[in-house]
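What follows is the content of coords.cif (mmCIF, N, CA and C atoms).
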```
data_my_file
loop_
_atom_site.label_atom_id
_atom_site.label_comp_id
_atom_site.auth_asym_id
_atom_site.auth_seq_id
_atom_site.Cartn_x
_atom_site.Cartn_y
_atom_site.Cartn_z
N MET N 11 12.96 -8.95 9.74
CA MET N 11 12.62 -7.63 9.24
C MET N 11 12.72 -6.64 10.40
N PRO N 12 13.43 -5.52 10.18
CA PRO N 12 13.52 -4.51 11.24
C PRO N 12 12.14 -3.92 11.57
N SER N 13 12.01 -3.46 12.79
CA SER N 13 10.72 -2.92 13.22
C SER N 13 10.34 -1.68 12.42
N GLU N 14 11.33 -0.93 11.93
CA GLU N 14 11.02 0.26 11.13
C GLU N 14 10.29 -0.12 9.84
N LEU N 15 10.68 -1.23 9.23
CA LEU N 15 10.01 -1.65 8.00
C LEU N 15 8.61 -2.17 8.29
N ARG N 16 8.41 -2.82 9.44
CA ARG N 16 7.06 -3.26 9.79
C ARG N 16 6.15 -2.05 10.01
N ILE N 17 6.68 -1.03 10.66
CA ILE N 17 5.90 0.19 10.88
C ILE N 17 5.63 0.88 9.54
N SER N 18 6.65 0.94 8.68
CA SER N 18 6.48 1.58 7.37
C SER N 18 5.45 0.84 6.53
N LYS N 19 5.41 -0.47 6.65
CA LYS N 19 4.42 -1.24 5.89
C LYS N 19 3.01 -0.80 6.27
N ALA N 20 2.76 -0.66 7.57
CA ALA N 20 1.45 -0.20 8.03
C ALA N 20 1.18 1.24 7.59
N LEU N 21 2.21 2.07 7.61
CA LEU N 21 2.04 3.47 7.21
C LEU N 21 1.76 3.60 5.72
N TYR N 22 2.38 2.76 4.89
CA TYR N 22 2.10 2.81 3.46
C TYR N 22 0.65 2.42 3.18
N LEU N 23 0.16 1.40 3.87
CA LEU N 23 -1.23 0.99 3.68
C LEU N 23 -2.19 2.07 4.16
N THR N 24 -1.90 2.66 5.30
CA THR N 24 -2.72 3.75 5.83
C THR N 24 -2.73 4.93 4.86
N SER N 25 -1.56 5.25 4.34
CA SER N 25 -1.46 6.37 3.39
C SER N 25 -2.26 6.09 2.13
N ALA N 26 -2.22 4.85 1.64
CA ALA N 26 -2.99 4.51 0.44
C ALA N 26 -4.48 4.69 0.69
N ILE N 27 -4.96 4.25 1.84
CA ILE N 27 -6.38 4.39 2.17
C ILE N 27 -6.77 5.86 2.29
N ILE N 28 -5.96 6.64 2.98
CA ILE N 28 -6.26 8.07 3.15
C ILE N 28 -6.25 8.78 1.79
N ASN N 29 -5.30 8.43 0.94
CA ASN N 29 -5.24 9.06 -0.39
C ASN N 29 -6.45 8.72 -1.23
N ILE N 30 -6.93 7.49 -1.15
CA ILE N 30 -8.14 7.11 -1.92
C ILE N 30 -9.35 7.89 -1.40
N ILE N 31 -9.48 8.01 -0.09
CA ILE N 31 -10.59 8.78 0.48
C ILE N 31 -10.49 10.24 0.07
N TYR N 32 -9.28 10.79 0.15
CA TYR N 32 -9.06 12.18 -0.23
C TYR N 32 -9.36 12.40 -1.71
N ALA N 33 -8.98 11.43 -2.55
CA ALA N 33 -9.26 11.54 -3.99
C ALA N 33 -10.76 11.47 -4.25
N GLY N 34 -11.47 10.63 -3.50
CA GLY N 34 -12.92 10.54 -3.67
C GLY N 34 -13.61 11.85 -3.35
N PHE N 35 -13.24 12.45 -2.22
CA PHE N 35 -13.82 13.74 -1.86
C PHE N 35 -13.39 14.82 -2.86
N GLY N 36 -12.16 14.74 -3.34
CA GLY N 36 -11.70 15.70 -4.34
C GLY N 36 -12.46 15.57 -5.64
N LEU N 37 -12.80 14.35 -6.02
CA LEU N 37 -13.58 14.14 -7.24
C LEU N 37 -14.98 14.71 -7.10
N ILE N 38 -15.59 14.48 -5.95
CA ILE N 38 -16.92 15.06 -5.70
C ILE N 38 -16.85 16.58 -5.73
N GLY N 39 -15.83 17.14 -5.10
CA GLY N 39 -15.64 18.59 -5.11
C GLY N 39 -15.40 19.13 -6.51
N THR N 40 -14.66 18.39 -7.32
CA THR N 40 -14.40 18.81 -8.69
C THR N 40 -15.69 18.82 -9.51
N ILE N 41 -16.51 17.80 -9.31
CA ILE N 41 -17.78 17.75 -10.04
C ILE N 41 -18.67 18.93 -9.65
N ILE N 42 -18.76 19.19 -8.37
CA ILE N 42 -19.60 20.31 -7.90
C ILE N 42 -19.02 21.64 -8.36
N PHE N 43 -17.72 21.83 -8.18
CA PHE N 43 -17.07 23.07 -8.57
C PHE N 43 -17.14 23.26 -10.09
N GLY N 44 -16.99 22.17 -10.84
CA GLY N 44 -17.06 22.25 -12.30
C GLY N 44 -18.45 22.63 -12.78
N SER N 45 -19.47 22.10 -12.11
CA SER N 45 -20.83 22.44 -12.54
C SER N 45 -21.21 23.87 -12.15
N LEU N 46 -20.66 24.37 -11.07
CA LEU N 46 -20.96 25.74 -10.66
C LEU N 46 -20.22 26.78 -11.49
N THR N 47 -19.12 26.39 -12.10
CA THR N 47 -18.33 27.34 -12.88
C THR N 47 -18.41 27.07 -14.38
N CYS N 48 -19.44 26.39 -14.80
CA CYS N 48 -19.68 26.08 -16.21
C CYS N 48 -18.51 25.32 -16.84
N GLY N 49 -17.91 24.43 -16.09
CA GLY N 49 -16.87 23.56 -16.62
C GLY N 49 -15.45 24.00 -16.37
N ILE N 50 -15.23 25.26 -16.05
CA ILE N 50 -13.86 25.73 -15.82
C ILE N 50 -13.26 25.04 -14.59
N GLY N 51 -14.07 24.78 -13.58
CA GLY N 51 -13.59 24.15 -12.36
C GLY N 51 -13.19 22.70 -12.54
N CYS N 52 -13.51 22.13 -13.68
CA CYS N 52 -13.12 20.74 -13.94
C CYS N 52 -11.61 20.60 -14.10
N LEU N 53 -10.92 21.69 -14.25
CA LEU N 53 -9.45 21.63 -14.32
C LEU N 53 -8.85 21.17 -12.99
N SER N 54 -9.63 21.26 -11.92
CA SER N 54 -9.12 20.82 -10.61
C SER N 54 -9.14 19.30 -10.48
N ILE N 55 -9.42 18.59 -11.57
CA ILE N 55 -9.38 17.12 -11.56
C ILE N 55 -7.96 16.62 -11.32
N ILE N 56 -6.99 17.48 -11.52
CA ILE N 56 -5.58 17.11 -11.31
C ILE N 56 -5.35 16.67 -9.87
N LEU N 57 -6.01 17.30 -8.91
CA LEU N 57 -5.80 16.98 -7.50
C LEU N 57 -6.20 15.55 -7.16
N PRO N 58 -7.42 15.10 -7.48
CA PRO N 58 -7.75 13.71 -7.16
C PRO N 58 -6.96 12.69 -7.99
N VAL N 59 -6.57 13.06 -9.20
CA VAL N 59 -5.77 12.15 -10.01
C VAL N 59 -4.41 11.93 -9.37
N PHE N 60 -3.78 13.01 -8.89
CA PHE N 60 -2.48 12.90 -8.23
C PHE N 60 -2.60 12.04 -6.97
N CYS N 61 -3.64 12.25 -6.18
CA CYS N 61 -3.82 11.45 -4.97
C CYS N 61 -4.04 9.98 -5.30
N THR N 62 -4.72 9.69 -6.39
CA THR N 62 -4.93 8.31 -6.80
C THR N 62 -3.62 7.66 -7.23
N ILE N 63 -2.79 8.40 -7.94
CA ILE N 63 -1.48 7.88 -8.36
C ILE N 63 -0.62 7.58 -7.14
N VAL N 64 -0.61 8.48 -6.18
CA VAL N 64 0.18 8.26 -4.97
C VAL N 64 -0.38 7.07 -4.18
N ALA N 65 -1.69 6.91 -4.16
CA ALA N 65 -2.30 5.77 -3.47
C ALA N 65 -1.87 4.45 -4.11
N VAL N 66 -1.82 4.41 -5.43
CA VAL N 66 -1.39 3.20 -6.12
C VAL N 66 0.08 2.90 -5.81
N LEU N 67 0.92 3.92 -5.82
CA LEU N 67 2.33 3.71 -5.49
C LEU N 67 2.52 3.29 -4.04
N ASP N 68 1.68 3.82 -3.14
CA ASP N 68 1.74 3.38 -1.74
C ASP N 68 1.37 1.92 -1.61
N TYR N 69 0.35 1.50 -2.35
CA TYR N 69 -0.04 0.10 -2.28
C TYR N 69 1.05 -0.80 -2.87
N ILE N 70 1.71 -0.35 -3.93
CA ILE N 70 2.82 -1.12 -4.51
C ILE N 70 3.94 -1.25 -3.48
N ALA N 71 4.25 -0.16 -2.77
CA ALA N 71 5.28 -0.21 -1.73
C ALA N 71 4.87 -1.18 -0.62
N TYR N 72 3.61 -1.14 -0.24
CA TYR N 72 3.10 -2.06 0.78
C TYR N 72 3.25 -3.51 0.31
N ASP N 73 2.91 -3.76 -0.93
CA ASP N 73 3.01 -5.11 -1.48
C ASP N 73 4.46 -5.58 -1.54
N LYS N 74 5.36 -4.69 -1.93
CA LYS N 74 6.78 -5.06 -1.99
C LYS N 74 7.32 -5.35 -0.60
N LEU N 75 6.82 -4.64 0.42
CA LEU N 75 7.26 -4.93 1.79
C LEU N 75 6.67 -6.25 2.29
N ASN N 76 5.53 -6.64 1.76
CA ASN N 76 4.96 -7.94 2.14
C ASN N 76 5.79 -9.09 1.58
N ASN N 77 6.25 -8.96 0.34
CA ASN N 77 6.96 -10.06 -0.32
C ASN N 77 8.45 -10.06 -0.05
N LEU N 78 9.09 -8.91 -0.11
CA LEU N 78 10.54 -8.77 0.08
C LEU N 78 11.34 -9.69 -0.84
N ASP N 79 10.93 -9.80 -2.09
CA ASP N 79 11.67 -10.64 -3.03
C ASP N 79 11.87 -9.98 -4.39
N GLN N 80 11.56 -8.69 -4.51
CA GLN N 80 11.66 -8.01 -5.79
C GLN N 80 12.82 -7.02 -5.77
N LYS N 81 13.52 -6.97 -6.89
CA LYS N 81 14.60 -5.99 -7.03
C LYS N 81 14.03 -4.57 -6.99
N ASN N 82 14.86 -3.61 -6.63
CA ASN N 82 14.51 -2.19 -6.57
C ASN N 82 13.39 -1.90 -5.58
N THR N 83 13.24 -2.73 -4.58
CA THR N 83 12.22 -2.46 -3.56
C THR N 83 12.53 -1.16 -2.83
N PHE N 84 13.80 -0.96 -2.50
CA PHE N 84 14.18 0.24 -1.76
C PHE N 84 13.86 1.50 -2.56
N ASN N 85 14.12 1.49 -3.86
CA ASN N 85 13.83 2.66 -4.70
C ASN N 85 12.33 2.92 -4.76
N SER N 86 11.53 1.88 -4.83
CA SER N 86 10.08 2.04 -4.85
C SER N 86 9.59 2.64 -3.54
N LEU N 87 10.16 2.19 -2.44
CA LEU N 87 9.77 2.73 -1.14
C LEU N 87 10.13 4.20 -1.02
N GLN N 88 11.32 4.56 -1.49
CA GLN N 88 11.73 5.96 -1.45
C GLN N 88 10.86 6.84 -2.33
N THR N 89 10.55 6.37 -3.52
CA THR N 89 9.71 7.15 -4.43
C THR N 89 8.33 7.38 -3.84
N ALA N 90 7.75 6.33 -3.27
CA ALA N 90 6.43 6.47 -2.65
C ALA N 90 6.48 7.45 -1.48
N ALA N 91 7.53 7.39 -0.67
CA ALA N 91 7.64 8.30 0.48
C ALA N 91 7.79 9.75 0.02
N ILE N 92 8.58 9.98 -1.02
CA ILE N 92 8.76 11.34 -1.53
C ILE N 92 7.45 11.88 -2.10
N LEU N 93 6.73 11.06 -2.85
CA LEU N 93 5.45 11.51 -3.39
C LEU N 93 4.42 11.74 -2.28
N GLU N 94 4.52 10.98 -1.19
CA GLU N 94 3.64 11.24 -0.05
C GLU N 94 3.91 12.63 0.51
N ILE N 95 5.17 13.01 0.58
CA ILE N 95 5.52 14.34 1.09
C ILE N 95 5.00 15.42 0.15
N ILE N 96 5.04 15.18 -1.15
CA ILE N 96 4.59 16.17 -2.13
C ILE N 96 3.08 16.36 -2.08
N THR N 97 2.34 15.41 -1.50
CA THR N 97 0.88 15.57 -1.42
C THR N 97 0.47 16.78 -0.58
N VAL N 98 1.40 17.39 0.12
CA VAL N 98 1.08 18.61 0.85
C VAL N 98 0.62 19.70 -0.13
N LEU N 99 1.05 19.61 -1.39
CA LEU N 99 0.64 20.60 -2.39
C LEU N 99 -0.84 20.54 -2.70
N VAL N 100 -1.47 19.39 -2.47
CA VAL N 100 -2.91 19.27 -2.69
C VAL N 100 -3.67 19.34 -1.37
N GLY N 101 -2.97 19.65 -0.29
CA GLY N 101 -3.61 19.86 1.00
C GLY N 101 -3.72 18.63 1.87
N ASN N 102 -3.03 17.57 1.54
CA ASN N 102 -3.13 16.33 2.28
C ASN N 102 -1.99 16.27 3.32
N MET N 103 -2.22 16.90 4.46
CA MET N 103 -1.19 17.04 5.49
C MET N 103 -0.88 15.72 6.20
N ILE N 104 -1.89 14.88 6.41
CA ILE N 104 -1.69 13.62 7.14
C ILE N 104 -0.74 12.72 6.37
N VAL N 105 -0.94 12.61 5.09
CA VAL N 105 -0.09 11.75 4.27
C VAL N 105 1.32 12.32 4.18
N MET N 106 1.45 13.64 4.21
CA MET N 106 2.77 14.25 4.21
C MET N 106 3.55 13.82 5.45
N VAL N 107 2.90 13.82 6.61
CA VAL N 107 3.57 13.41 7.85
C VAL N 107 3.96 11.93 7.76
N LEU N 108 3.07 11.09 7.22
CA LEU N 108 3.39 9.68 7.06
C LEU N 108 4.58 9.48 6.11
N GLY N 109 4.66 10.30 5.07
CA GLY N 109 5.78 10.23 4.14
C GLY N 109 7.09 10.60 4.79
N ILE N 110 7.06 11.62 5.64
CA ILE N 110 8.28 12.02 6.35
C ILE N 110 8.74 10.90 7.28
N ILE N 111 7.80 10.29 7.99
CA ILE N 111 8.15 9.18 8.88
C ILE N 111 8.73 8.02 8.09
N ASN N 112 8.10 7.68 6.97
CA ASN N 112 8.61 6.59 6.13
C ASN N 112 10.01 6.88 5.60
N LEU N 113 10.24 8.10 5.17
CA LEU N 113 11.55 8.47 4.66
C LEU N 113 12.61 8.41 5.76
N LEU N 114 12.25 8.82 6.95
CA LEU N 114 13.19 8.72 8.08
C LEU N 114 13.50 7.26 8.41
N HIS N 115 12.51 6.40 8.33
CA HIS N 115 12.74 4.97 8.58
C HIS N 115 13.68 4.38 7.52
N LEU N 116 13.52 4.80 6.28
CA LEU N 116 14.35 4.25 5.21
C LEU N 116 15.80 4.70 5.30
N GLN N 117 16.06 5.77 5.99
CA GLN N 117 17.42 6.28 6.09
C GLN N 117 18.23 5.62 7.22
N LYS N 118 17.58 4.80 8.03
CA LYS N 118 18.28 4.16 9.15
C LYS N 118 19.22 3.08 8.64
N ARG N 119 20.33 2.95 9.33
CA ARG N 119 21.37 2.02 8.93
C ARG N 119 20.89 0.56 8.93
N GLU N 120 20.11 0.17 9.95
CA GLU N 120 19.64 -1.22 10.04
C GLU N 120 18.77 -1.58 8.84
N VAL N 121 17.95 -0.63 8.42
CA VAL N 121 17.06 -0.87 7.29
C VAL N 121 17.87 -1.05 6.01
N ARG N 122 18.83 -0.19 5.80
CA ARG N 122 19.67 -0.29 4.60
C ARG N 122 20.45 -1.61 4.58
N GLU N 123 21.00 -2.00 5.73
CA GLU N 123 21.74 -3.26 5.80
C GLU N 123 20.82 -4.45 5.54
N PHE N 124 19.60 -4.41 6.07
CA PHE N 124 18.65 -5.50 5.85
C PHE N 124 18.29 -5.61 4.38
N VAL N 125 18.04 -4.47 3.74
CA VAL N 125 17.66 -4.47 2.33
C VAL N 125 18.82 -4.96 1.46
N ILE N 126 20.03 -4.57 1.79
CA ILE N 126 21.20 -5.01 1.02
C ILE N 126 21.42 -6.51 1.22
N ASN N 127 21.27 -6.99 2.45
CA ASN N 127 21.47 -8.43 2.72
C ASN N 127 20.39 -9.28 2.04
N LYS N 128 19.17 -8.78 1.91
CA LYS N 128 18.11 -9.51 1.23
C LYS N 128 18.24 -9.40 -0.30
N ASN N 129 19.18 -8.59 -0.76
CA ASN N 129 19.44 -8.37 -2.19
C ASN N 129 18.21 -7.80 -2.90
N ILE N 130 17.55 -6.85 -2.24
CA ILE N 130 16.41 -6.18 -2.85
C ILE N 130 16.64 -4.68 -2.92
N TYR N 131 17.90 -4.28 -2.84
CA TYR N 131 18.25 -2.87 -2.88
C TYR N 131 18.09 -2.38 -4.28
#
```
Show me, as structure tokens, the structure contained in the file I just sent.
Amino acid sequence: MPSELRISKALYLTSAIINIIYAGFGLIGTIIFGSLTCGIGCLSIILPVFCTIVAVLDYIAYDKLNNLDQKNTFNSLQTAAILEIITVLVGNMIVMVLGIINLLHLQKREVREFVINKNIY
């Protein structure tokens, strides 16, 4: 396994943990904001839900990098990295940086050749 994929595996797990923490704080904030605005603020539940979805996809990417035996692994990794970058819309800058790093790792020639040779592209 190329070193870029080993690093990406750790970054996906880190991103999943950060997203879960961010979603937890977002949920608490939504509850407080919703109670202060007589329920109107509950519409901000979208933010923690999005972070939870990205966290699940990050964990799936981490799991696929652990096994390296499932088809479409590369597509799952790319999707998770792109959604990590989109988390900047909810204010999660750390995960955005991790997503950019993961996407850059996936674009390297050695990584693509390894994924194609393992037949998990």
Checklist line | Polymer residues at most 10 Å from (11.6, 10.5, 1.8) by only C-alpha atoms, as a ChimeraX atom specification | finding: /N:87-96,106,108-117
Next item on the list: Quote the spacing between atom C of N:Leu53 and atom CA of N:Tyr22 in Å to one decimal place.
Entry: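 Going from atom C of N:Leu53 over to atom CA of N:Tyr22, I get 27.0 Å.
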Item checked: Within 7 Å of stretch 71-75 of chain N using all atoms listed in the file, minus same-chain residues under 5 positions, as a ChimeraX atom specification -> /N:18-20,22-23,66,80,83,86-87,90
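The nearest approach to N:Phe35 among the residues N:Thr97, N:Pro58, N:Leu15, N:Thr47, with only N, CA and C atoms taken into account, belongs to N:Pro58.
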Set up a box along x, y and z of the file covering all listed atoms of stretch 45-56 of chain N, add 4 Å on every one of the six sides, and write the centre and edge lengths in Å to one decimal, as JSON.
```
{"center_x": -13.3, "center_y": 22.0, "center_z": -13.4, "size_x": 23.9, "size_y": 18.7, "size_z": 15.0}
```
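Between atom CA of N:Pro12 and atom C of N:Val125 the interatomic distance comes to 11.1 Å.
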Notebook entry, point to check: Which of stretch 29-86 of chain N counts as alpha helix (DSSP H) under DSSP, as a PyMOL selection string please?
Noted result: chain N and resi 29-46+56-77+83-86
Notebook entry, point to check: In Å, with one decimal, what is the gap from atom N of N:Lys118 to atom C of N:Tyr131?
Noted result: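 A separation of 14.3 Å between them.
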Next item on the list: Would you list the contacts of N:Ala26 as a list of chain:residue names, taking every protein, DNA or RNA residue within 9 Å and counting only C-alpha atoms, but skipping same-chain residues closer than 5 positions in sequence?
Entry: N:Leu21, N:Ile31, N:Cys61, N:Thr62, N:Val64, N:Ala65, N:Val66, N:Leu67, N:Asp68, N:Tyr69, N:Tyr72, N:Val105
Output N, CA and C atoms for every residue in the selection just made, as an mmCIF file, in the frame of the given file.
```
data_model
loop_
_atom_site.group_PDB
_atom_site.id
_atom_site.type_symbol
_atom_site.label_atom_id
_atom_site.label_comp_id
_atom_site.auth_asym_id
_atom_site.auth_seq_id
_atom_site.Cartn_x
_atom_site.Cartn_y
_atom_site.Cartn_z
ATOM 1 N N LEU N 21 2.210 2.070 7.610
ATOM 2 C CA LEU N 21 2.040 3.470 7.210
ATOM 3 C C LEU N 21 1.760 3.600 5.720
ATOM 4 N N ILE N 31 -9.480 8.010 -0.090
ATOM 5 C CA ILE N 31 -10.590 8.780 0.480
ATOM 6 C C ILE N 31 -10.490 10.240 0.070
ATOM 7 N N CYS N 61 -3.640 12.250 -6.180
ATOM 8 C CA CYS N 61 -3.820 11.450 -4.970
ATOM 9 C C CYS N 61 -4.040 9.980 -5.300
ATOM 10 N N THR N 62 -4.720 9.690 -6.390
ATOM 11 C CA THR N 62 -4.930 8.310 -6.800
ATOM 12 C C THR N 62 -3.620 7.660 -7.230
ATOM 13 N N VAL N 64 -0.610 8.480 -6.180
ATOM 14 C CA VAL N 64 0.180 8.260 -4.970
ATOM 15 C C VAL N 64 -0.380 7.070 -4.180
ATOM 16 N N ALA N 65 -1.690 6.910 -4.160
ATOM 17 C CA ALA N 65 -2.300 5.770 -3.470
ATOM 18 C C ALA N 65 -1.870 4.450 -4.110
ATOM 19 N N VAL N 66 -1.820 4.410 -5.430
ATOM 20 C CA VAL N 66 -1.390 3.200 -6.120
ATOM 21 C C VAL N 66 0.080 2.900 -5.810
ATOM 22 N N LEU N 67 0.920 3.920 -5.820
ATOM 23 C CA LEU N 67 2.330 3.710 -5.490
ATOM 24 C C LEU N 67 2.520 3.290 -4.040
ATOM 25 N N ASP N 68 1.680 3.820 -3.140
ATOM 26 C CA ASP N 68 1.740 3.380 -1.740
ATOM 27 C C ASP N 68 1.370 1.920 -1.610
ATOM 28 N N TYR N 69 0.350 1.500 -2.350
ATOM 29 C CA TYR N 69 -0.040 0.100 -2.280
ATOM 30 C C TYR N 69 1.050 -0.800 -2.870
ATOM 31 N N TYR N 72 3.610 -1.140 -0.240
ATOM 32 C CA TYR N 72 3.100 -2.060 0.780
ATOM 33 C C TYR N 72 3.250 -3.510 0.310
ATOM 34 N N VAL N 105 -0.940 12.610 5.090
ATOM 35 C CA VAL N 105 -0.090 11.750 4.270
ATOM 36 C C VAL N 105 1.320 12.320 4.180
#
```
Checklist line | Within 10 Å of stretch 40-42 of chain N using only C-alpha atoms, minus same-chain residues under 2 positions, as an MDAnalysis selection string | finding: chainID N and resid 34:38 44:47 49:58
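Among the candidates N:Asp79, N:Arg122, N:Arg16, N:Tyr32, the residue lying nearest to N:Asn102 is N:Tyr32 (atoms considered: only N, CA and C atoms).
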Check: Restricting the calculation to all atoms listed in the file, which member of N:Gly39, N:Ile104, N:Ile130, N:Cys48 is positioned closest to N:Lys81?
Finding: N:Ile130
